[in-house]
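Next comes final_20.txt, with compact mmCIF, N, CA and C atoms.
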```txt
# COMPACT_ATOMS: atom_id res chain seq x y z
N MET A 20 9.58 -74.03 32.60
CA MET A 20 10.19 -74.63 33.78
C MET A 20 9.49 -75.94 34.10
N PRO A 21 10.17 -76.83 34.81
CA PRO A 21 9.53 -78.10 35.18
C PRO A 21 8.48 -77.89 36.27
N ARG A 22 7.59 -78.86 36.36
CA ARG A 22 6.58 -78.83 37.41
C ARG A 22 7.24 -78.89 38.78
N ILE A 23 6.59 -78.28 39.76
CA ILE A 23 7.09 -78.27 41.14
C ILE A 23 6.72 -79.59 41.80
N VAL A 24 7.71 -80.26 42.41
CA VAL A 24 7.46 -81.55 43.06
C VAL A 24 6.71 -81.32 44.37
N LEU A 25 5.62 -82.03 44.53
CA LEU A 25 4.83 -82.02 45.76
C LEU A 25 5.27 -83.22 46.59
N PRO A 26 6.01 -83.00 47.69
CA PRO A 26 6.50 -84.14 48.46
C PRO A 26 5.35 -84.91 49.13
N VAL A 27 5.53 -86.20 49.27
CA VAL A 27 4.53 -87.06 49.88
C VAL A 27 4.96 -87.40 51.30
N THR A 28 4.10 -87.15 52.27
CA THR A 28 4.37 -87.49 53.66
C THR A 28 3.78 -88.86 53.95
N VAL A 29 4.60 -89.73 54.56
CA VAL A 29 4.14 -91.06 54.94
C VAL A 29 4.15 -91.14 56.46
N PRO A 30 2.96 -91.32 57.07
CA PRO A 30 2.90 -91.37 58.53
C PRO A 30 3.57 -92.63 59.08
N SER A 31 3.96 -92.57 60.34
CA SER A 31 4.52 -93.74 61.02
C SER A 31 4.02 -93.76 62.46
N ARG A 32 4.20 -94.88 63.11
CA ARG A 32 3.79 -94.98 64.52
C ARG A 32 4.61 -94.05 65.41
N ASP A 33 5.81 -93.71 64.95
CA ASP A 33 6.66 -92.80 65.72
C ASP A 33 6.26 -91.34 65.53
N GLY A 34 5.39 -91.10 64.54
CA GLY A 34 4.93 -89.74 64.26
C GLY A 34 5.85 -89.02 63.29
N VAL A 35 5.26 -88.20 62.48
CA VAL A 35 6.00 -87.35 61.55
C VAL A 35 5.32 -85.98 61.56
N PRO A 36 6.06 -84.93 61.26
CA PRO A 36 5.41 -83.61 61.19
C PRO A 36 4.35 -83.59 60.08
N SER A 37 3.30 -82.87 60.30
CA SER A 37 2.30 -82.69 59.25
C SER A 37 2.96 -82.04 58.06
N PRO A 38 2.51 -82.39 56.85
CA PRO A 38 3.15 -81.80 55.66
C PRO A 38 2.95 -80.30 55.59
N THR A 39 3.96 -79.63 55.06
CA THR A 39 3.88 -78.19 54.85
C THR A 39 3.14 -77.92 53.54
N GLU A 40 2.16 -77.04 53.60
CA GLU A 40 1.41 -76.70 52.39
C GLU A 40 2.30 -76.01 51.37
N GLN A 41 2.06 -76.33 50.11
CA GLN A 41 2.72 -75.62 49.02
C GLN A 41 1.67 -74.77 48.31
N ALA A 42 2.01 -73.52 48.07
CA ALA A 42 1.11 -72.66 47.30
C ALA A 42 1.03 -73.20 45.88
N GLY A 43 -0.17 -73.16 45.33
CA GLY A 43 -0.36 -73.61 43.95
C GLY A 43 0.50 -72.78 43.00
N ASP A 44 1.17 -73.48 42.08
CA ASP A 44 2.01 -72.81 41.09
C ASP A 44 1.23 -72.76 39.78
N VAL A 45 0.65 -71.61 39.48
CA VAL A 45 -0.20 -71.44 38.31
C VAL A 45 0.60 -71.60 37.01
N THR A 46 1.85 -71.18 37.02
CA THR A 46 2.67 -71.21 35.81
C THR A 46 3.20 -72.60 35.48
N ASN A 47 3.77 -73.27 36.46
CA ASN A 47 4.46 -74.54 36.22
C ASN A 47 3.65 -75.77 36.60
N GLY A 48 2.69 -75.61 37.51
CA GLY A 48 1.95 -76.76 38.00
C GLY A 48 2.79 -77.59 38.96
N HIS A 49 2.28 -78.75 39.29
CA HIS A 49 2.93 -79.63 40.27
C HIS A 49 2.98 -81.04 39.72
N VAL A 50 3.83 -81.86 40.33
CA VAL A 50 3.87 -83.29 40.05
C VAL A 50 4.06 -84.00 41.38
N VAL A 51 3.40 -85.15 41.52
CA VAL A 51 3.48 -85.91 42.76
C VAL A 51 3.60 -87.39 42.43
N THR A 52 4.38 -88.11 43.22
CA THR A 52 4.46 -89.55 43.06
C THR A 52 3.11 -90.14 43.46
N ASN A 53 2.52 -90.91 42.55
CA ASN A 53 1.18 -91.47 42.74
C ASN A 53 1.27 -92.98 42.82
N THR A 54 0.75 -93.55 43.91
CA THR A 54 0.75 -95.01 44.09
C THR A 54 -0.66 -95.59 44.00
N SER A 55 -1.61 -94.80 43.63
CA SER A 55 -3.05 -95.12 43.66
C SER A 55 -3.62 -95.02 45.07
N ARG A 56 -2.75 -94.84 46.06
CA ARG A 56 -3.20 -94.64 47.45
C ARG A 56 -2.89 -93.22 47.92
N THR A 57 -2.24 -92.45 47.08
CA THR A 57 -1.83 -91.09 47.43
C THR A 57 -3.06 -90.21 47.65
N ILE A 58 -3.01 -89.41 48.71
CA ILE A 58 -4.10 -88.47 49.04
C ILE A 58 -3.57 -87.05 48.85
N ILE A 59 -4.29 -86.29 48.07
CA ILE A 59 -3.95 -84.89 47.85
C ILE A 59 -4.96 -84.03 48.60
N THR A 60 -4.48 -83.17 49.48
CA THR A 60 -5.34 -82.24 50.20
C THR A 60 -5.16 -80.86 49.57
N VAL A 61 -6.29 -80.25 49.23
CA VAL A 61 -6.26 -78.92 48.62
C VAL A 61 -7.08 -77.98 49.51
N ARG A 62 -6.41 -76.92 50.00
CA ARG A 62 -7.09 -75.92 50.82
C ARG A 62 -7.18 -74.64 50.01
N ASN A 63 -8.38 -74.10 49.93
CA ASN A 63 -8.60 -72.83 49.25
C ASN A 63 -8.54 -71.72 50.30
N ALA A 64 -7.52 -70.89 50.22
CA ALA A 64 -7.34 -69.80 51.18
C ALA A 64 -8.02 -68.52 50.72
N ASP A 65 -8.83 -68.61 49.69
CA ASP A 65 -9.47 -67.43 49.12
C ASP A 65 -10.96 -67.43 49.44
N THR A 66 -11.60 -66.28 49.25
CA THR A 66 -13.04 -66.16 49.47
C THR A 66 -13.83 -66.42 48.20
N ALA A 67 -13.14 -66.90 47.15
CA ALA A 67 -13.79 -67.29 45.89
C ALA A 67 -13.38 -68.71 45.55
N PRO A 68 -14.20 -69.46 44.86
CA PRO A 68 -13.82 -70.82 44.46
C PRO A 68 -12.70 -70.80 43.42
N HIS A 69 -11.89 -71.87 43.41
CA HIS A 69 -10.82 -72.04 42.43
C HIS A 69 -10.76 -73.50 42.00
N ASN A 70 -10.14 -73.73 40.83
CA ASN A 70 -10.09 -75.07 40.25
C ASN A 70 -8.73 -75.72 40.42
N VAL A 71 -8.77 -77.03 40.68
CA VAL A 71 -7.59 -77.88 40.64
C VAL A 71 -7.86 -78.92 39.57
N THR A 72 -6.83 -79.23 38.78
CA THR A 72 -6.98 -80.21 37.70
C THR A 72 -5.96 -81.31 37.87
N PHE A 73 -6.45 -82.55 37.83
CA PHE A 73 -5.61 -83.74 37.88
C PHE A 73 -5.49 -84.24 36.45
N VAL A 74 -4.27 -84.19 35.92
CA VAL A 74 -4.03 -84.44 34.50
C VAL A 74 -4.02 -85.95 34.23
N THR A 75 -4.73 -86.34 33.17
CA THR A 75 -4.80 -87.74 32.76
C THR A 75 -4.04 -87.89 31.44
N PRO A 76 -2.82 -88.44 31.50
CA PRO A 76 -1.99 -88.50 30.30
C PRO A 76 -2.35 -89.65 29.35
N GLY A 77 -3.21 -90.56 29.80
CA GLY A 77 -3.49 -91.76 29.01
C GLY A 77 -4.54 -91.57 27.93
N THR A 78 -4.75 -92.67 27.20
CA THR A 78 -5.78 -92.71 26.17
C THR A 78 -6.59 -93.99 26.31
N VAL A 79 -7.80 -93.98 25.77
CA VAL A 79 -8.66 -95.16 25.66
C VAL A 79 -9.10 -95.23 24.20
N ASP A 80 -8.85 -96.36 23.58
CA ASP A 80 -9.17 -96.51 22.16
C ASP A 80 -8.57 -95.37 21.33
N SER A 81 -7.34 -95.04 21.65
CA SER A 81 -6.58 -93.98 20.97
C SER A 81 -7.17 -92.58 21.15
N GLN A 82 -8.11 -92.44 22.08
CA GLN A 82 -8.70 -91.14 22.38
C GLN A 82 -8.18 -90.65 23.73
N PRO A 83 -7.83 -89.37 23.83
CA PRO A 83 -7.34 -88.87 25.12
C PRO A 83 -8.43 -88.91 26.19
N VAL A 84 -8.00 -89.27 27.38
CA VAL A 84 -8.89 -89.26 28.53
C VAL A 84 -8.93 -87.84 29.05
N GLY A 85 -10.12 -87.30 29.29
CA GLY A 85 -10.25 -85.93 29.76
C GLY A 85 -9.68 -85.74 31.16
N ASP A 86 -9.00 -84.61 31.36
CA ASP A 86 -8.49 -84.29 32.69
C ASP A 86 -9.64 -84.10 33.66
N ARG A 87 -9.37 -84.34 34.95
CA ARG A 87 -10.39 -84.17 35.98
C ARG A 87 -10.19 -82.81 36.64
N THR A 88 -11.10 -81.88 36.38
CA THR A 88 -11.06 -80.55 36.98
C THR A 88 -12.16 -80.44 38.02
N VAL A 89 -11.78 -79.99 39.23
CA VAL A 89 -12.72 -79.90 40.34
C VAL A 89 -12.63 -78.51 40.96
N ALA A 90 -13.78 -77.92 41.22
CA ALA A 90 -13.82 -76.63 41.92
C ALA A 90 -13.70 -76.87 43.42
N VAL A 91 -12.83 -76.11 44.05
CA VAL A 91 -12.69 -76.14 45.51
C VAL A 91 -13.34 -74.87 46.02
N GLY A 92 -14.37 -75.04 46.80
CA GLY A 92 -15.15 -73.90 47.29
C GLY A 92 -14.33 -72.93 48.12
N ALA A 93 -14.84 -71.72 48.21
CA ALA A 93 -14.19 -70.68 48.99
C ALA A 93 -13.96 -71.16 50.41
N THR A 94 -12.77 -70.92 50.92
CA THR A 94 -12.33 -71.27 52.27
C THR A 94 -12.57 -72.74 52.63
N SER A 95 -12.58 -73.61 51.64
CA SER A 95 -12.80 -75.05 51.87
C SER A 95 -11.50 -75.82 51.79
N THR A 96 -11.51 -76.99 52.42
CA THR A 96 -10.41 -77.94 52.30
C THR A 96 -11.00 -79.25 51.83
N VAL A 97 -10.41 -79.84 50.78
CA VAL A 97 -10.93 -81.06 50.18
C VAL A 97 -9.80 -82.07 50.02
N ASP A 98 -10.10 -83.34 50.35
CA ASP A 98 -9.15 -84.43 50.13
C ASP A 98 -9.53 -85.17 48.86
N PHE A 99 -8.52 -85.49 48.04
CA PHE A 99 -8.73 -86.24 46.81
C PHE A 99 -7.84 -87.48 46.86
N GLY A 100 -8.32 -88.57 46.31
CA GLY A 100 -7.49 -89.76 46.33
C GLY A 100 -7.99 -90.85 45.42
N ARG A 101 -7.29 -91.99 45.52
CA ARG A 101 -7.55 -93.18 44.70
C ARG A 101 -7.40 -92.87 43.21
N PHE A 102 -6.28 -92.24 42.90
CA PHE A 102 -5.96 -91.93 41.52
C PHE A 102 -5.28 -93.14 40.90
N ASN A 103 -6.01 -93.90 40.13
CA ASN A 103 -5.49 -95.10 39.51
C ASN A 103 -4.28 -94.76 38.65
N THR A 104 -3.18 -95.49 38.84
CA THR A 104 -1.96 -95.18 38.08
C THR A 104 -2.13 -95.46 36.59
N ASP A 105 -3.03 -96.36 36.22
CA ASP A 105 -3.27 -96.61 34.80
C ASP A 105 -3.85 -95.37 34.11
N THR A 106 -4.61 -94.58 34.85
CA THR A 106 -5.25 -93.39 34.29
C THR A 106 -4.43 -92.13 34.52
N TYR A 107 -3.91 -91.96 35.74
CA TYR A 107 -3.23 -90.72 36.11
C TYR A 107 -1.71 -90.81 36.08
N GLY A 108 -1.17 -92.01 35.99
CA GLY A 108 0.27 -92.21 35.95
C GLY A 108 0.89 -92.29 37.33
N SER A 109 2.12 -92.79 37.37
CA SER A 109 2.83 -92.90 38.65
C SER A 109 3.47 -91.58 39.06
N GLN A 110 3.58 -90.65 38.12
CA GLN A 110 3.99 -89.27 38.40
C GLN A 110 2.84 -88.38 37.92
N MET A 111 1.91 -88.11 38.84
CA MET A 111 0.68 -87.40 38.48
C MET A 111 0.91 -85.89 38.42
N ALA A 112 0.48 -85.30 37.31
CA ALA A 112 0.57 -83.85 37.13
C ALA A 112 -0.70 -83.20 37.67
N ILE A 113 -0.51 -82.06 38.33
CA ILE A 113 -1.62 -81.29 38.91
C ILE A 113 -1.45 -79.84 38.48
N THR A 114 -2.54 -79.22 38.03
CA THR A 114 -2.50 -77.79 37.74
C THR A 114 -3.56 -77.08 38.59
N VAL A 115 -3.34 -75.81 38.82
CA VAL A 115 -4.26 -74.99 39.61
C VAL A 115 -4.48 -73.67 38.89
N ASP A 116 -5.60 -73.01 39.20
CA ASP A 116 -5.85 -71.71 38.58
C ASP A 116 -5.58 -70.55 39.52
N SER A 117 -5.02 -70.86 40.72
CA SER A 117 -4.74 -69.79 41.68
C SER A 117 -3.69 -70.24 42.69
N ALA A 118 -2.80 -69.31 43.06
CA ALA A 118 -1.83 -69.58 44.12
C ALA A 118 -2.50 -69.62 45.49
N MET A 119 -3.78 -69.27 45.54
CA MET A 119 -4.53 -69.34 46.81
C MET A 119 -4.91 -70.78 47.15
N LEU A 120 -4.70 -71.71 46.21
CA LEU A 120 -4.89 -73.13 46.52
C LEU A 120 -3.59 -73.64 47.13
N LYS A 121 -3.70 -74.30 48.28
CA LYS A 121 -2.55 -74.82 49.02
C LYS A 121 -2.64 -76.34 48.99
N LEU A 122 -1.54 -77.00 48.61
CA LEU A 122 -1.55 -78.43 48.40
C LEU A 122 -0.61 -79.17 49.33
N THR A 123 -1.03 -80.37 49.74
CA THR A 123 -0.18 -81.31 50.44
C THR A 123 -0.49 -82.70 49.89
N ALA A 124 0.44 -83.62 50.09
CA ALA A 124 0.25 -85.01 49.65
C ALA A 124 0.69 -85.94 50.76
N ARG A 125 -0.04 -87.05 50.91
CA ARG A 125 0.35 -88.05 51.92
C ARG A 125 -0.12 -89.43 51.46
N GLU A 126 0.49 -90.42 52.07
CA GLU A 126 0.09 -91.81 51.87
C GLU A 126 -0.62 -92.26 53.15
N PRO A 127 -1.63 -93.08 53.00
CA PRO A 127 -2.33 -93.55 54.22
C PRO A 127 -1.47 -94.50 55.04
```
In structure tokens, what does this structure look like?
Amino acid sequence: MPRIVLPVTVPSRDGVPSPTEQAGDVTNGHVVTNTSRTIITVRNADTAPHNVTFVTPGTVDSQPVGDRTVAVGATSTVDFGRFNTDTYGSQMAITVDSAMLKLTAREP
């Protein structure tokens, strides 16, 4: 199946509802529109740490660039950002190792 689209919330002076968390999809993963300013918030709803991986589809000198895997501590919330589109692409793929990771995306 295709990756699950993670919608991006763009704030305005008029206000917008806070983004709704999406449970991590372990099977299909996620994809988000990346502008290099996109912020991904990952909340771990579990009492154990879990990993989120930001996929790097590019290469350097014909060698694949390693994906960025980060552990999110138990019951922690972490913001990630400044994903350069040259490295992560304009449609950034994200994988998780647990549905207990909850994701949102926003633009500053």
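Residue nearest A:Val24, chosen from A:Ser95, A:Thr114, A:Thr54, A:Asn63 and counting only C-alpha atoms: A:Thr114.
In this model, the gap between atom CA of A:Val29 and atom CA of A:Val91 comes to 24.4 Å.
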Can you tell me which residues surround A:Thr94 at a distance of at most 9 Å, considering only C-alpha atoms, apart from same-chain residues fewer than 6 positions away, and format the answer as a ChimeraX atom specification? /A:62-68
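Nearest to A:Gln41 of all the residues A:Ser81, A:Met119, A:Ser55, A:Asn70 is A:Met119, counting all atoms listed in the file.
All residues that come within 6 Å of the coordinates (-1.0, -66.4, 38.7), counting only N, CA and C atoms, are given as Val45, Thr46, Ser117 and Ala118 of chain A.
Distance check against A:Ala90 using only N, CA and C atoms: of A:Thr78, A:Thr72, A:Thr104, A:Thr123, the minimum falls on A:Thr72.
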List every residue of chain A that DSSP, applied to the backbone of this structure, assigns to helix (DSSP H, G or I), and report them as a ChimeraX atom specification. /A:104-107
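When atom N of A:Val74 is paired with atom N of A:Thr88, their separation reads 7.2 Å.
Residue nearest A:Tyr107 within the list A:Phe73, A:Leu25, A:His49, A:Val61: A:Phe73 [criterion: smallest interatomic distance, only N, CA and C atoms].
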Apply DSSP to the structure's backbone, then extract all residues of stretch 30-92 of chain A labelled strand (DSSP E) and return them as a count of residues only. 26
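Atom C of A:Ser31 to atom CA of A:Val50 spans 24.7 Å [interatomic distance, one decimal].
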List as a PDB file with N, CA and C atoms, keeping the file's coordinate frame the protein and nucleic acid residues near A:Arg56, meaning an atom at most 10 Å away when only C-alpha atoms are counted, but skip any in the same chain fewer than 4 places from it.
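Once written, out_5.pdb looks like this:
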```pdb
ATOM      1  N   GLY A 100      -8.320 -88.570  46.310  1.00  0.00           N
ATOM      2  CA  GLY A 100      -7.490 -89.760  46.330  1.00  0.00           C
ATOM      3  C   GLY A 100      -7.990 -90.850  45.420  1.00  0.00           C
ATOM      4  N   ARG A 101      -7.290 -91.990  45.520  1.00  0.00           N
ATOM      5  CA  ARG A 101      -7.550 -93.180  44.700  1.00  0.00           C
ATOM      6  C   ARG A 101      -7.400 -92.870  43.210  1.00  0.00           C
ATOM      7  N   PHE A 102      -6.280 -92.240  42.900  1.00  0.00           N
ATOM      8  CA  PHE A 102      -5.960 -91.930  41.520  1.00  0.00           C
ATOM      9  C   PHE A 102      -5.280 -93.140  40.900  1.00  0.00           C
ATOM     10  N   ASN A 103      -6.010 -93.900  40.130  1.00  0.00           N
ATOM     11  CA  ASN A 103      -5.490 -95.100  39.510  1.00  0.00           C
ATOM     12  C   ASN A 103      -4.280 -94.760  38.650  1.00  0.00           C
ATOM     13  N   THR A 104      -3.180 -95.490  38.840  1.00  0.00           N
ATOM     14  CA  THR A 104      -1.960 -95.180  38.080  1.00  0.00           C
ATOM     15  C   THR A 104      -2.130 -95.460  36.590  1.00  0.00           C
ATOM     16  N   ARG A 125      -0.040 -87.050  50.910  1.00  0.00           N
ATOM     17  CA  ARG A 125       0.350 -88.050  51.920  1.00  0.00           C
ATOM     18  C   ARG A 125      -0.120 -89.430  51.460  1.00  0.00           C
ATOM     19  N   GLU A 126       0.490 -90.420  52.070  1.00  0.00           N
ATOM     20  CA  GLU A 126       0.090 -91.810  51.870  1.00  0.00           C
ATOM     21  C   GLU A 126      -0.620 -92.260  53.150  1.00  0.00           C
ATOM     22  N   PRO A 127      -1.630 -93.080  53.000  1.00  0.00           N
ATOM     23  CA  PRO A 127      -2.330 -93.550  54.220  1.00  0.00           C
ATOM     24  C   PRO A 127      -1.470 -94.500  55.040  1.00  0.00           C
TER      25      PRO A 127
END
```
Pick out the closest residue to A:Val71 from this set: A:Ile113, A:Leu122, A:Val27, A:Ile59. Count only N, CA and C atoms. A:Ile113
Residue rebuild result stretch 63-75 of chain A, N, CA, C and O atoms as a compact mmCIF listing (two decimals), in the frame of the given file:
```txt
# COMPACT_ATOMS: atom_id res chain seq x y z
N ASN A 63 -8.38 -74.10 49.93
CA ASN A 63 -8.60 -72.83 49.25
C ASN A 63 -8.54 -71.72 50.30
O ASN A 63 -9.43 -71.62 51.15
N ALA A 64 -7.52 -70.89 50.22
CA ALA A 64 -7.34 -69.80 51.18
C ALA A 64 -8.02 -68.52 50.72
O ALA A 64 -7.82 -67.46 51.33
N ASP A 65 -8.83 -68.61 49.69
CA ASP A 65 -9.47 -67.43 49.12
C ASP A 65 -10.96 -67.43 49.44
O ASP A 65 -11.54 -68.45 49.84
N THR A 66 -11.60 -66.28 49.25
CA THR A 66 -13.04 -66.16 49.47
C THR A 66 -13.83 -66.42 48.20
O THR A 66 -15.04 -66.20 48.16
N ALA A 67 -13.14 -66.90 47.15
CA ALA A 67 -13.79 -67.29 45.89
C ALA A 67 -13.38 -68.71 45.55
O ALA A 67 -12.29 -69.15 45.94
N PRO A 68 -14.20 -69.46 44.86
CA PRO A 68 -13.82 -70.82 44.46
C PRO A 68 -12.70 -70.80 43.42
O PRO A 68 -12.56 -69.83 42.66
N HIS A 69 -11.89 -71.87 43.41
CA HIS A 69 -10.82 -72.04 42.43
C HIS A 69 -10.76 -73.50 42.00
O HIS A 69 -11.23 -74.38 42.71
N ASN A 70 -10.14 -73.73 40.83
CA ASN A 70 -10.09 -75.07 40.25
C ASN A 70 -8.73 -75.72 40.42
O ASN A 70 -7.69 -75.07 40.26
N VAL A 71 -8.77 -77.03 40.68
CA VAL A 71 -7.59 -77.88 40.64
C VAL A 71 -7.86 -78.92 39.57
O VAL A 71 -8.98 -79.42 39.44
N THR A 72 -6.83 -79.23 38.78
CA THR A 72 -6.98 -80.21 37.70
C THR A 72 -5.96 -81.31 37.87
O THR A 72 -4.77 -81.06 38.04
N PHE A 73 -6.45 -82.55 37.83
CA PHE A 73 -5.61 -83.74 37.88
C PHE A 73 -5.49 -84.24 36.45
O PHE A 73 -6.47 -84.63 35.82
N VAL A 74 -4.27 -84.19 35.92
CA VAL A 74 -4.03 -84.44 34.50
C VAL A 74 -4.02 -85.95 34.23
O VAL A 74 -3.40 -86.72 34.96
N THR A 75 -4.73 -86.34 33.17
CA THR A 75 -4.80 -87.74 32.76
C THR A 75 -4.04 -87.89 31.44
O THR A 75 -4.55 -87.51 30.39
```
